[in-house]
file structure.txt (compact mmCIF, N, CA and C atoms)
# COMPACT_ATOMS: atom_id res chain seq x y z
N MET A 1 435.51 185.77 57.59
CA MET A 1 434.16 185.56 58.07
C MET A 1 433.26 184.97 56.98
N ARG A 2 433.50 185.38 55.74
CA ARG A 2 432.69 184.85 54.64
C ARG A 2 432.91 183.35 54.48
N ILE A 3 434.15 182.90 54.73
CA ILE A 3 434.45 181.47 54.62
C ILE A 3 433.69 180.70 55.69
N VAL A 4 433.66 181.24 56.90
CA VAL A 4 432.93 180.60 57.99
C VAL A 4 431.45 180.51 57.64
N PHE A 5 430.86 181.62 57.15
CA PHE A 5 429.45 181.61 56.79
C PHE A 5 429.18 180.61 55.68
N ALA A 6 430.06 180.60 54.66
CA ALA A 6 429.89 179.65 53.56
C ALA A 6 429.97 178.22 54.07
N GLY A 7 430.85 177.99 55.05
CA GLY A 7 430.97 176.66 55.63
C GLY A 7 429.70 176.26 56.38
N ILE A 8 429.17 177.18 57.14
CA ILE A 8 427.93 176.90 57.88
C ILE A 8 426.80 176.61 56.90
N VAL A 9 426.70 177.42 55.86
CA VAL A 9 425.65 177.21 54.85
C VAL A 9 425.84 175.84 54.19
N ALA A 10 427.07 175.48 53.85
CA ALA A 10 427.33 174.20 53.20
C ALA A 10 426.94 173.03 54.10
N VAL A 11 427.27 173.13 55.39
CA VAL A 11 426.94 172.05 56.33
C VAL A 11 425.43 171.87 56.43
N PHE A 12 424.72 173.00 56.53
CA PHE A 12 423.28 172.91 56.71
C PHE A 12 422.52 172.69 55.41
N LEU A 13 423.17 172.90 54.29
CA LEU A 13 422.51 172.73 53.01
C LEU A 13 421.99 171.31 52.85
N GLY A 14 422.80 170.35 53.25
CA GLY A 14 422.36 168.95 53.19
C GLY A 14 421.15 168.70 54.06
N GLN A 15 421.17 169.26 55.28
CA GLN A 15 420.03 169.11 56.17
C GLN A 15 418.82 169.87 55.65
N ALA A 16 419.06 171.01 55.05
CA ALA A 16 417.96 171.84 54.55
C ALA A 16 417.25 171.16 53.40
N ALA A 17 417.95 170.31 52.68
CA ALA A 17 417.33 169.62 51.55
C ALA A 17 416.16 168.76 52.00
N PHE A 18 416.14 168.37 53.28
CA PHE A 18 415.05 167.56 53.79
C PHE A 18 413.80 168.40 54.09
N ALA A 19 413.94 169.69 54.13
CA ALA A 19 412.80 170.58 54.38
C ALA A 19 411.95 170.65 53.12
N GLN A 20 410.90 169.88 53.10
CA GLN A 20 410.07 169.78 51.90
C GLN A 20 409.02 170.87 51.79
N THR A 21 408.65 171.48 52.88
CA THR A 21 407.62 172.52 52.86
C THR A 21 408.11 173.74 53.63
N CYS A 22 407.41 174.82 53.48
CA CYS A 22 407.73 176.02 54.24
C CYS A 22 407.55 175.75 55.74
N GLU A 23 406.54 174.98 56.09
CA GLU A 23 406.32 174.63 57.49
C GLU A 23 407.49 173.83 58.05
N ASP A 24 408.11 172.98 57.22
CA ASP A 24 409.29 172.23 57.65
C ASP A 24 410.46 173.17 57.95
N ILE A 25 410.66 174.14 57.07
CA ILE A 25 411.73 175.12 57.27
C ILE A 25 411.49 175.86 58.58
N ALA A 26 410.26 176.33 58.79
CA ALA A 26 409.91 177.05 60.03
C ALA A 26 410.05 176.14 61.24
N GLY A 27 409.61 174.90 61.12
CA GLY A 27 409.68 173.95 62.23
C GLY A 27 411.11 173.69 62.66
N GLN A 28 412.01 173.51 61.70
CA GLN A 28 413.42 173.30 62.03
C GLN A 28 414.00 174.54 62.71
N PHE A 29 413.59 175.72 62.24
CA PHE A 29 414.04 176.97 62.84
C PHE A 29 413.59 177.06 64.29
N PHE A 30 412.31 176.79 64.56
CA PHE A 30 411.79 176.86 65.93
C PHE A 30 412.42 175.79 66.82
N ASN A 31 412.71 174.61 66.28
CA ASN A 31 413.41 173.59 67.07
C ASN A 31 414.77 174.10 67.51
N SER A 32 415.45 174.82 66.64
CA SER A 32 416.76 175.39 66.99
C SER A 32 416.62 176.43 68.11
N ILE A 33 415.57 177.22 68.05
CA ILE A 33 415.35 178.19 69.13
C ILE A 33 415.09 177.46 70.44
N ARG A 34 414.27 176.41 70.37
CA ARG A 34 413.97 175.62 71.57
C ARG A 34 415.26 175.05 72.17
N GLU A 35 416.17 174.64 71.31
CA GLU A 35 417.44 174.06 71.76
C GLU A 35 418.50 175.12 72.06
N GLU A 36 418.10 176.41 72.01
CA GLU A 36 418.99 177.54 72.26
C GLU A 36 420.17 177.55 71.29
N LYS A 37 419.89 177.23 70.04
CA LYS A 37 420.88 177.25 68.96
C LYS A 37 420.37 178.16 67.84
N THR A 38 420.09 179.40 68.21
CA THR A 38 419.47 180.35 67.30
C THR A 38 420.31 180.61 66.06
N ALA A 39 421.61 180.81 66.22
CA ALA A 39 422.47 181.09 65.06
C ALA A 39 422.47 179.91 64.09
N GLU A 40 422.53 178.71 64.63
CA GLU A 40 422.51 177.53 63.77
C GLU A 40 421.17 177.40 63.05
N GLY A 41 420.10 177.70 63.76
CA GLY A 41 418.77 177.63 63.15
C GLY A 41 418.60 178.63 62.04
N SER A 42 419.11 179.84 62.25
CA SER A 42 419.04 180.86 61.22
C SER A 42 419.85 180.42 60.00
N ALA A 43 421.06 179.92 60.25
CA ALA A 43 421.91 179.46 59.14
C ALA A 43 421.24 178.31 58.38
N ARG A 44 420.63 177.39 59.10
CA ARG A 44 419.97 176.25 58.47
C ARG A 44 418.80 176.70 57.60
N ALA A 45 418.00 177.63 58.13
CA ALA A 45 416.85 178.12 57.37
C ALA A 45 417.31 178.83 56.10
N TRP A 46 418.29 179.70 56.25
CA TRP A 46 418.78 180.45 55.09
C TRP A 46 419.56 179.58 54.11
N ALA A 47 420.07 178.45 54.57
CA ALA A 47 420.80 177.54 53.67
C ALA A 47 419.90 176.96 52.59
N THR A 48 418.59 177.04 52.78
CA THR A 48 417.68 176.56 51.75
C THR A 48 417.70 177.48 50.53
N ASN A 49 418.19 178.70 50.70
CA ASN A 49 418.18 179.71 49.64
C ASN A 49 419.57 179.82 49.02
N PRO A 50 419.72 179.50 47.75
CA PRO A 50 421.05 179.55 47.13
C PRO A 50 421.63 180.96 47.04
N TYR A 51 420.83 181.97 47.26
CA TYR A 51 421.30 183.36 47.20
C TYR A 51 421.66 183.91 48.58
N ALA A 52 421.59 183.09 49.61
CA ALA A 52 421.84 183.55 50.98
C ALA A 52 423.25 184.09 51.17
N ALA A 53 424.22 183.52 50.49
CA ALA A 53 425.61 183.99 50.65
C ALA A 53 425.73 185.46 50.27
N GLY A 54 424.94 185.93 49.35
CA GLY A 54 424.96 187.33 48.94
C GLY A 54 424.23 188.24 49.92
N MET A 55 423.55 187.66 50.90
CA MET A 55 422.81 188.44 51.89
C MET A 55 423.43 188.28 53.28
N LYS A 56 424.69 187.91 53.32
CA LYS A 56 425.36 187.58 54.58
C LYS A 56 425.21 188.67 55.63
N ASP A 57 425.44 189.92 55.28
CA ASP A 57 425.37 191.01 56.26
C ASP A 57 423.96 191.14 56.85
N SER A 58 422.95 191.07 56.00
CA SER A 58 421.57 191.16 56.49
C SER A 58 421.22 189.97 57.38
N ILE A 59 421.65 188.80 57.00
CA ILE A 59 421.37 187.60 57.79
C ILE A 59 422.09 187.68 59.14
N ASP A 60 423.33 188.14 59.13
CA ASP A 60 424.08 188.31 60.39
C ASP A 60 423.38 189.31 61.30
N GLN A 61 422.89 190.42 60.74
CA GLN A 61 422.18 191.42 61.54
C GLN A 61 420.90 190.84 62.13
N PHE A 62 420.17 190.09 61.31
CA PHE A 62 418.94 189.44 61.78
C PHE A 62 419.26 188.51 62.94
N THR A 63 420.27 187.67 62.77
CA THR A 63 420.62 186.67 63.78
C THR A 63 421.08 187.33 65.07
N THR A 64 421.89 188.36 64.96
CA THR A 64 422.36 189.09 66.15
C THR A 64 421.20 189.72 66.89
N LYS A 65 420.31 190.38 66.15
CA LYS A 65 419.15 191.03 66.78
C LYS A 65 418.24 190.00 67.43
N LEU A 66 417.99 188.89 66.74
CA LEU A 66 417.13 187.85 67.30
C LEU A 66 417.74 187.25 68.56
N THR A 67 419.01 186.92 68.51
CA THR A 67 419.68 186.34 69.67
C THR A 67 419.61 187.29 70.86
N SER A 68 419.82 188.57 70.61
CA SER A 68 419.74 189.57 71.66
C SER A 68 418.34 189.63 72.26
N ASN A 69 417.33 189.66 71.42
CA ASN A 69 415.94 189.71 71.90
C ASN A 69 415.58 188.46 72.69
N LEU A 70 415.98 187.31 72.21
CA LEU A 70 415.62 186.06 72.88
C LEU A 70 416.30 185.93 74.23
N SER A 71 417.42 186.58 74.42
CA SER A 71 418.18 186.44 75.66
C SER A 71 417.40 186.93 76.89
N PHE A 72 416.45 187.84 76.71
CA PHE A 72 415.70 188.33 77.86
C PHE A 72 414.25 187.84 77.89
N LEU A 73 413.85 187.00 76.96
CA LEU A 73 412.46 186.55 76.92
C LEU A 73 412.20 185.30 77.76
N GLY A 74 413.24 184.66 78.22
CA GLY A 74 413.04 183.44 78.98
C GLY A 74 412.94 182.23 78.07
N LYS A 75 412.45 181.18 78.62
CA LYS A 75 412.40 179.90 77.91
C LYS A 75 411.36 179.91 76.79
N TYR A 76 411.74 179.31 75.67
CA TYR A 76 410.81 179.11 74.55
C TYR A 76 409.81 178.06 74.97
N ARG A 77 408.53 178.34 74.77
CA ARG A 77 407.46 177.43 75.20
C ARG A 77 406.67 176.81 74.05
N GLY A 78 406.87 177.31 72.83
CA GLY A 78 406.16 176.73 71.70
C GLY A 78 405.68 177.79 70.73
N ASN A 79 405.01 177.31 69.68
CA ASN A 79 404.50 178.23 68.67
C ASN A 79 403.19 177.70 68.11
N GLU A 80 402.41 178.62 67.59
CA GLU A 80 401.15 178.28 66.94
C GLU A 80 401.09 179.01 65.61
N LEU A 81 400.77 178.26 64.56
CA LEU A 81 400.57 178.87 63.25
C LEU A 81 399.21 179.56 63.27
N VAL A 82 399.22 180.87 63.04
CA VAL A 82 397.99 181.67 63.08
C VAL A 82 397.43 181.87 61.68
N VAL A 83 398.30 182.18 60.72
CA VAL A 83 397.87 182.46 59.36
C VAL A 83 398.80 181.74 58.39
N LYS A 84 398.18 181.15 57.38
CA LYS A 84 398.94 180.58 56.27
C LYS A 84 398.25 181.03 54.98
N LYS A 85 399.01 181.70 54.14
CA LYS A 85 398.50 182.11 52.83
C LYS A 85 399.44 181.57 51.77
N GLU A 86 398.86 180.93 50.79
CA GLU A 86 399.65 180.37 49.69
C GLU A 86 399.20 181.02 48.38
N VAL A 87 400.17 181.29 47.52
CA VAL A 87 399.89 181.92 46.23
C VAL A 87 400.42 181.01 45.12
N ALA A 88 399.53 180.53 44.31
CA ALA A 88 399.86 179.77 43.10
C ALA A 88 400.77 178.57 43.36
N GLY A 89 400.75 178.04 44.57
CA GLY A 89 401.58 176.88 44.87
C GLY A 89 403.08 177.17 44.86
N ARG A 90 403.43 178.45 44.82
CA ARG A 90 404.85 178.82 44.71
C ARG A 90 405.32 179.80 45.78
N PHE A 91 404.41 180.40 46.51
CA PHE A 91 404.78 181.34 47.56
C PHE A 91 403.90 181.07 48.77
N VAL A 92 404.52 181.04 49.95
CA VAL A 92 403.78 180.79 51.18
C VAL A 92 404.18 181.83 52.22
N TYR A 93 403.17 182.38 52.89
CA TYR A 93 403.36 183.30 54.00
C TYR A 93 402.81 182.62 55.25
N LEU A 94 403.63 182.55 56.30
CA LEU A 94 403.23 181.94 57.56
C LEU A 94 403.40 182.97 58.68
N TYR A 95 402.39 183.09 59.53
CA TYR A 95 402.44 183.99 60.68
C TYR A 95 402.31 183.12 61.93
N TYR A 96 403.35 183.15 62.75
CA TYR A 96 403.38 182.33 63.96
C TYR A 96 403.29 183.18 65.22
N PHE A 97 402.49 182.73 66.17
CA PHE A 97 402.44 183.25 67.52
C PHE A 97 403.41 182.38 68.32
N VAL A 98 404.47 182.99 68.86
CA VAL A 98 405.52 182.21 69.52
C VAL A 98 405.55 182.58 71.00
N VAL A 99 405.51 181.57 71.85
CA VAL A 99 405.36 181.75 73.29
C VAL A 99 406.72 181.62 74.00
N PHE A 100 407.01 182.63 74.81
CA PHE A 100 408.18 182.63 75.69
C PHE A 100 407.69 182.94 77.10
N ASP A 101 408.53 182.70 78.09
CA ASP A 101 408.12 182.96 79.48
C ASP A 101 407.69 184.40 79.70
N ARG A 102 408.45 185.35 79.18
CA ARG A 102 408.18 186.76 79.48
C ARG A 102 407.03 187.34 78.65
N GLN A 103 407.02 187.05 77.36
CA GLN A 103 405.99 187.62 76.49
C GLN A 103 405.98 186.86 75.16
N PRO A 104 404.89 187.00 74.42
CA PRO A 104 404.85 186.36 73.09
C PRO A 104 405.55 187.22 72.05
N MET A 105 405.88 186.58 70.95
CA MET A 105 406.43 187.29 69.79
C MET A 105 405.73 186.76 68.56
N LYS A 106 405.86 187.51 67.48
CA LYS A 106 405.35 187.02 66.20
C LYS A 106 406.55 186.77 65.30
N PHE A 107 406.43 185.73 64.51
CA PHE A 107 407.43 185.42 63.49
C PHE A 107 406.68 185.29 62.17
N GLU A 108 407.22 185.92 61.15
CA GLU A 108 406.65 185.83 59.81
C GLU A 108 407.68 185.13 58.92
N VAL A 109 407.23 184.06 58.30
CA VAL A 109 408.10 183.25 57.45
C VAL A 109 407.53 183.29 56.04
N GLN A 110 408.38 183.60 55.08
CA GLN A 110 407.96 183.60 53.68
C GLN A 110 408.86 182.64 52.91
N CYS A 111 408.25 181.77 52.14
CA CYS A 111 409.00 180.81 51.34
C CYS A 111 408.55 180.90 49.88
N TYR A 112 409.47 180.53 49.03
CA TYR A 112 409.24 180.61 47.59
C TYR A 112 409.74 179.32 46.96
N LYS A 113 409.01 178.84 45.97
CA LYS A 113 409.41 177.62 45.25
C LYS A 113 409.59 177.98 43.78
N PRO A 114 410.81 178.41 43.39
CA PRO A 114 411.03 178.82 42.00
C PRO A 114 410.97 177.65 41.02
N VAL A 115 411.41 176.47 41.44
CA VAL A 115 411.38 175.30 40.56
C VAL A 115 410.70 174.15 41.29
N ASP A 116 411.48 173.37 42.04
CA ASP A 116 410.90 172.20 42.68
C ASP A 116 411.19 172.09 44.17
N LYS A 117 411.92 173.06 44.75
CA LYS A 117 412.24 173.03 46.18
C LYS A 117 411.89 174.37 46.81
N TRP A 118 411.38 174.30 48.04
CA TRP A 118 411.06 175.49 48.79
C TRP A 118 412.34 176.12 49.33
N VAL A 119 412.42 177.44 49.23
CA VAL A 119 413.54 178.19 49.79
C VAL A 119 412.98 179.28 50.69
N LEU A 120 413.74 179.62 51.72
CA LEU A 120 413.34 180.72 52.58
C LEU A 120 413.49 182.02 51.80
N HIS A 121 412.43 182.78 51.73
CA HIS A 121 412.44 184.06 51.02
C HIS A 121 412.65 185.22 51.99
N ASN A 122 412.01 185.13 53.17
CA ASN A 122 412.15 186.17 54.18
C ASN A 122 411.77 185.61 55.54
N LEU A 123 412.39 186.14 56.57
CA LEU A 123 412.12 185.72 57.94
C LEU A 123 412.19 186.97 58.81
N GLN A 124 411.10 187.24 59.53
CA GLN A 124 411.03 188.43 60.38
C GLN A 124 410.44 188.05 61.73
N PHE A 125 410.75 188.86 62.73
CA PHE A 125 410.15 188.67 64.04
C PHE A 125 409.88 190.04 64.65
N SER A 126 408.96 190.05 65.63
CA SER A 126 408.64 191.30 66.32
C SER A 126 407.96 190.97 67.63
N ASP A 127 408.17 191.86 68.60
CA ASP A 127 407.44 191.73 69.86
C ASP A 127 406.18 192.60 69.86
N LYS A 128 405.84 193.17 68.72
CA LYS A 128 404.69 194.07 68.59
C LYS A 128 403.42 193.30 68.21
N ILE A 129 403.26 192.13 68.73
CA ILE A 129 402.11 191.29 68.37
C ILE A 129 400.80 191.90 68.86
N THR A 130 400.85 192.67 69.94
CA THR A 130 399.63 193.28 70.49
C THR A 130 398.92 194.14 69.45
N SER A 131 399.67 194.92 68.69
CA SER A 131 399.04 195.79 67.70
C SER A 131 398.37 194.97 66.60
N ASP A 132 398.93 193.83 66.24
CA ASP A 132 398.29 192.96 65.26
C ASP A 132 396.96 192.44 65.79
N VAL A 133 396.95 192.04 67.05
CA VAL A 133 395.73 191.50 67.65
C VAL A 133 394.66 192.59 67.75
N VAL A 134 395.06 193.78 68.18
CA VAL A 134 394.11 194.90 68.29
C VAL A 134 393.55 195.26 66.92
N ASP A 135 394.41 195.32 65.90
CA ASP A 135 393.94 195.63 64.55
C ASP A 135 392.95 194.58 64.06
N ALA A 136 393.27 193.31 64.28
CA ALA A 136 392.36 192.23 63.85
C ALA A 136 391.04 192.30 64.61
N ALA A 137 391.10 192.59 65.90
CA ALA A 137 389.89 192.69 66.69
C ALA A 137 389.03 193.86 66.23
N SER A 138 389.66 194.96 65.89
CA SER A 138 388.92 196.13 65.41
C SER A 138 388.21 195.83 64.10
N ARG A 139 388.89 195.14 63.20
CA ARG A 139 388.24 194.76 61.94
C ARG A 139 387.06 193.84 62.19
N ASP A 140 387.23 192.88 63.10
CA ASP A 140 386.14 191.97 63.44
C ASP A 140 384.98 192.72 64.09
N LEU A 141 385.29 193.69 64.92
CA LEU A 141 384.27 194.46 65.61
C LEU A 141 383.31 195.12 64.62
N PHE A 142 383.87 195.66 63.57
CA PHE A 142 383.04 196.35 62.58
C PHE A 142 382.39 195.42 61.57
N ARG A 143 382.77 194.16 61.62
CA ARG A 143 382.11 193.16 60.77
C ARG A 143 381.10 192.36 61.58
N GLY A 144 381.02 192.68 62.87
CA GLY A 144 380.08 191.96 63.71
C GLY A 144 380.65 190.69 64.31
N GLY A 145 381.97 190.52 64.25
CA GLY A 145 382.61 189.33 64.80
C GLY A 145 382.80 189.43 66.29
N GLU A 146 383.29 188.36 66.86
CA GLU A 146 383.51 188.31 68.32
C GLU A 146 384.90 188.79 68.67

call {"tool": "encode", "arguments": {"input": "structure.txt", "output": "structure tokens"}}
result
Amino acid sequence: MRIVFAGIVAVFLGQAAFAQTCEDIAGQFFNSIREEKTAEGSARAWATNPYAAGMKDSIDQFTTKLTSNLSFLGKYRGNELVVKKEVAGRFVYLYYFVVFDRQPMKFEVQCYKPVDKWVLHNLQFSDKITSDVVDAASRDLFRGGE
């Protein structure tokens, strides 16, 4: 299985080299979800990180869980970048609102640029987006926001 994973990473490594920004990495990942190629999209995103081979079990668990969750959400309808935070030009956090037929999900993408290329640092998803919206609304309420 490690040989197969290494092969997938090697194939996508060339394609991943074209991902110049964290948004590019996320965009390629979401395109794969749209095309119902979630495992390939996960492999492509993680191929940007030279340490991904050492995280194979975690990546496999992530991909299996994501594929399972997506199977009952219906068709992917798109995504919107809600938050982007950058630190020192070397770390980027992206929070996406992702639309499916059944319900929305949130995806959090973290990228790191140790030298001259962006690599995927972390990728998470959750269907608990409602609590994020309620928390944000509560903070706005006490600041006098809408």

call {"tool": "closest_residue", "arguments": {"input": "structure.txt", "among": "A:Ile33, A:Val92, A:Cys111, A:Leu120", "to": "A:Ala52", "atoms": "only C-alpha atoms"}}
result
A:Leu120

call {"tool": "select_by_dssp", "arguments": {"input": "structure.txt", "residues": "chain A", "states": "helix (DSSP H, G or I)", "output": "number ranges by chain"}}
result
A: 2-16, 22-34, 38-46, 52-70, 129-143

call {"tool": "residues_around", "arguments": {"input": "structure.txt", "residues": "A:Ala39", "least_positions_apart": "3", "cutoff": "9 Å", "atoms": "only C-alpha atoms", "output": "list of chain:residue names"}}
result
A:Ser32, A:Ile33, A:Glu36, A:Ser42, A:Ala43, A:Arg44, A:Asp60, A:Thr63, A:Thr64, A:Leu66, A:Thr67

call {"tool": "closest_residue", "arguments": {"input": "structure.txt", "among": "A:Tyr51, A:Phe100, A:Phe125, A:Tyr93", "to": "A:Thr21", "atoms": "only C-alpha atoms"}}
result
A:Tyr93

call {"tool": "closest_residue", "arguments": {"input": "structure.txt", "among": "A:Val98, A:Asp24, A:Arg90, A:Phe30", "to": "A:Pro114", "atoms": "only C-alpha atoms"}}
result
A:Arg90

call {"tool": "closest_residue", "arguments": {"input": "structure.txt", "among": "A:Asp57, A:Phe62, A:Asp140, A:Asn79", "to": "A:Leu123", "atoms": "only N, CA and C atoms"}}
result
A:Phe62

call {"tool": "closest_residue", "arguments": {"input": "structure.txt", "among": "A:Thr48, A:Ala88, A:Gly41, A:Arg34", "to": "A:Lys117", "atoms": "only N, CA and C atoms"}}
result
A:Thr48

call {"tool": "atom_distance", "arguments": {"input": "structure.txt", "atom1": "atom CA of A:Asn31", "atom2": "atom CA of A:Val134"}}
result
28.8 Å

call {"tool": "select_by_dssp", "arguments": {"input": "structure.txt", "residues": "chain A", "states": "strand (DSSP E or B)", "output": "ChimeraX atom specification"}}
result
/A:76-87,91-100,105-112,119-126

call {"tool": "write_last_selection", "arguments": {"input": "structure.txt", "atoms": "N, CA and C atoms", "output": "mmCIF file, keeping the file's coordinate frame"}}
result
data_model
loop_
_atom_site.group_PDB
_atom_site.id
_atom_site.type_symbol
_atom_site.label_atom_id
_atom_site.label_comp_id
_atom_site.auth_asym_id
_atom_site.auth_seq_id
_atom_site.Cartn_x
_atom_site.Cartn_y
_atom_site.Cartn_z
ATOM 1 N N TYR A 76 411.740 179.310 75.670
ATOM 2 C CA TYR A 76 410.810 179.110 74.550
ATOM 3 C C TYR A 76 409.810 178.060 74.970
ATOM 4 N N ARG A 77 408.530 178.340 74.770
ATOM 5 C CA ARG A 77 407.460 177.430 75.200
ATOM 6 C C ARG A 77 406.670 176.810 74.050
ATOM 7 N N GLY A 78 406.870 177.310 72.830
ATOM 8 C CA GLY A 78 406.160 176.730 71.700
ATOM 9 C C GLY A 78 405.680 177.790 70.730
ATOM 10 N N ASN A 79 405.010 177.310 69.680
ATOM 11 C CA ASN A 79 404.500 178.230 68.670
ATOM 12 C C ASN A 79 403.190 177.700 68.110
ATOM 13 N N GLU A 80 402.410 178.620 67.590
ATOM 14 C CA GLU A 80 401.150 178.280 66.940
ATOM 15 C C GLU A 80 401.090 179.010 65.610
ATOM 16 N N LEU A 81 400.770 178.260 64.560
ATOM 17 C CA LEU A 81 400.570 178.870 63.250
ATOM 18 C C LEU A 81 399.210 179.560 63.270
ATOM 19 N N VAL A 82 399.220 180.870 63.040
ATOM 20 C CA VAL A 82 397.990 181.670 63.080
ATOM 21 C C VAL A 82 397.430 181.870 61.680
ATOM 22 N N VAL A 83 398.300 182.180 60.720
ATOM 23 C CA VAL A 83 397.870 182.460 59.360
ATOM 24 C C VAL A 83 398.800 181.740 58.390
ATOM 25 N N LYS A 84 398.180 181.150 57.380
ATOM 26 C CA LYS A 84 398.940 180.580 56.270
ATOM 27 C C LYS A 84 398.250 181.030 54.980
ATOM 28 N N LYS A 85 399.010 181.700 54.140
ATOM 29 C CA LYS A 85 398.500 182.110 52.830
ATOM 30 C C LYS A 85 399.440 181.570 51.770
ATOM 31 N N GLU A 86 398.860 180.930 50.790
ATOM 32 C CA GLU A 86 399.650 180.370 49.690
ATOM 33 C C GLU A 86 399.200 181.020 48.380
ATOM 34 N N VAL A 87 400.170 181.290 47.520
ATOM 35 C CA VAL A 87 399.890 181.920 46.230
ATOM 36 C C VAL A 87 400.420 181.010 45.120
ATOM 37 N N PHE A 91 404.410 180.400 46.510
ATOM 38 C CA PHE A 91 404.780 181.340 47.560
ATOM 39 C C PHE A 91 403.900 181.070 48.770
ATOM 40 N N VAL A 92 404.520 181.040 49.950
ATOM 41 C CA VAL A 92 403.780 180.790 51.180
ATOM 42 C C VAL A 92 404.180 181.830 52.220
ATOM 43 N N TYR A 93 403.170 182.380 52.890
ATOM 44 C CA TYR A 93 403.360 183.300 54.000
ATOM 45 C C TYR A 93 402.810 182.620 55.250
ATOM 46 N N LEU A 94 403.630 182.550 56.300
ATOM 47 C CA LEU A 94 403.230 181.940 57.560
ATOM 48 C C LEU A 94 403.400 182.970 58.680
ATOM 49 N N TYR A 95 402.390 183.090 59.530
ATOM 50 C CA TYR A 95 402.440 183.990 60.680
ATOM 51 C C TYR A 95 402.310 183.120 61.930
ATOM 52 N N TYR A 96 403.350 183.150 62.750
ATOM 53 C CA TYR A 96 403.380 182.330 63.960
ATOM 54 C C TYR A 96 403.290 183.180 65.220
ATOM 55 N N PHE A 97 402.490 182.730 66.170
ATOM 56 C CA PHE A 97 402.440 183.250 67.520
ATOM 57 C C PHE A 97 403.410 182.380 68.320
ATOM 58 N N VAL A 98 404.470 182.990 68.860
ATOM 59 C CA VAL A 98 405.520 182.210 69.520
ATOM 60 C C VAL A 98 405.550 182.580 71.000
ATOM 61 N N VAL A 99 405.510 181.570 71.850
ATOM 62 C CA VAL A 99 405.360 181.750 73.290
ATOM 63 C C VAL A 99 406.720 181.620 74.000
ATOM 64 N N PHE A 100 407.010 182.630 74.810
ATOM 65 C CA PHE A 100 408.180 182.630 75.690
ATOM 66 C C PHE A 100 407.690 182.940 77.100
ATOM 67 N N MET A 105 405.880 186.580 70.950
ATOM 68 C CA MET A 105 406.430 187.290 69.790
ATOM 69 C C MET A 105 405.730 186.760 68.560
ATOM 70 N N LYS A 106 405.860 187.510 67.480
ATOM 71 C CA LYS A 106 405.350 187.020 66.200
ATOM 72 C C LYS A 106 406.550 186.770 65.300
ATOM 73 N N PHE A 107 406.430 185.730 64.510
ATOM 74 C CA PHE A 107 407.430 185.420 63.490
ATOM 75 C C PHE A 107 406.680 185.290 62.170
ATOM 76 N N GLU A 108 407.220 185.920 61.150
ATOM 77 C CA GLU A 108 406.650 185.830 59.810
ATOM 78 C C GLU A 108 407.680 185.130 58.920
ATOM 79 N N VAL A 109 407.230 184.060 58.300
ATOM 80 C CA VAL A 109 408.100 183.250 57.450
ATOM 81 C C VAL A 109 407.530 183.290 56.040
ATOM 82 N N GLN A 110 408.380 183.600 55.080
ATOM 83 C CA GLN A 110 407.960 183.600 53.680
ATOM 84 C C GLN A 110 408.860 182.640 52.910
ATOM 85 N N CYS A 111 408.250 181.770 52.140
ATOM 86 C CA CYS A 111 409.000 180.810 51.340
ATOM 87 C C CYS A 111 408.550 180.900 49.880
ATOM 88 N N TYR A 112 409.470 180.530 49.030
ATOM 89 C CA TYR A 112 409.240 180.610 47.590
ATOM 90 C C TYR A 112 409.740 179.320 46.960
ATOM 91 N N VAL A 119 412.420 177.440 49.230
ATOM 92 C CA VAL A 119 413.540 178.190 49.790
ATOM 93 C C VAL A 119 412.980 179.280 50.690
ATOM 94 N N LEU A 120 413.740 179.620 51.720
ATOM 95 C CA LEU A 120 413.340 180.720 52.580
ATOM 96 C C LEU A 120 413.490 182.020 51.800
ATOM 97 N N HIS A 121 412.430 182.780 51.730
ATOM 98 C CA HIS A 121 412.440 184.060 51.020
ATOM 99 C C HIS A 121 412.650 185.220 51.990
ATOM 100 N N ASN A 122 412.010 185.130 53.170
ATOM 101 C CA ASN A 122 412.150 186.170 54.180
ATOM 102 C C ASN A 122 411.770 185.610 55.540
ATOM 103 N N LEU A 123 412.390 186.140 56.570
ATOM 104 C CA LEU A 123 412.120 185.720 57.940
ATOM 105 C C LEU A 123 412.190 186.970 58.810
ATOM 106 N N GLN A 124 411.100 187.240 59.530
ATOM 107 C CA GLN A 124 411.030 188.430 60.380
ATOM 108 C C GLN A 124 410.440 188.050 61.730
ATOM 109 N N PHE A 125 410.750 188.860 62.730
ATOM 110 C CA PHE A 125 410.150 188.670 64.040
ATOM 111 C C PHE A 125 409.880 190.040 64.650
ATOM 112 N N SER A 126 408.960 190.050 65.630
ATOM 113 C CA SER A 126 408.640 191.300 66.320
ATOM 114 C C SER A 126 407.960 190.970 67.630
#

call {"tool": "closest_residue", "arguments": {"input": "structure.txt", "among": "A:Met55, A:Ala136, A:Ala45, A:Leu70", "to": "A:Val119", "atoms": "only C-alpha atoms"}}
result
A:Ala45

call {"tool": "atom_distance", "arguments": {"input": "structure.txt", "atom1": "atom CA of A:Gln124", "atom2": "atom CA of A:Glu108"}}
result
5.1 Å

call {"tool": "residues_around", "arguments": {"input": "structure.txt", "residues": "A:Tyr96", "least_positions_apart": "4", "cutoff": "7 Å", "atoms": "only N, CA and C atoms", "output": "ChimeraX atom specification"}}
result
/A:79-83,105-109

call {"tool": "atom_distance", "arguments": {"input": "structure.txt", "atom1": "atom CA of A:Val99", "atom2": "atom CA of A:Asp132"}}
result
15.5 Å
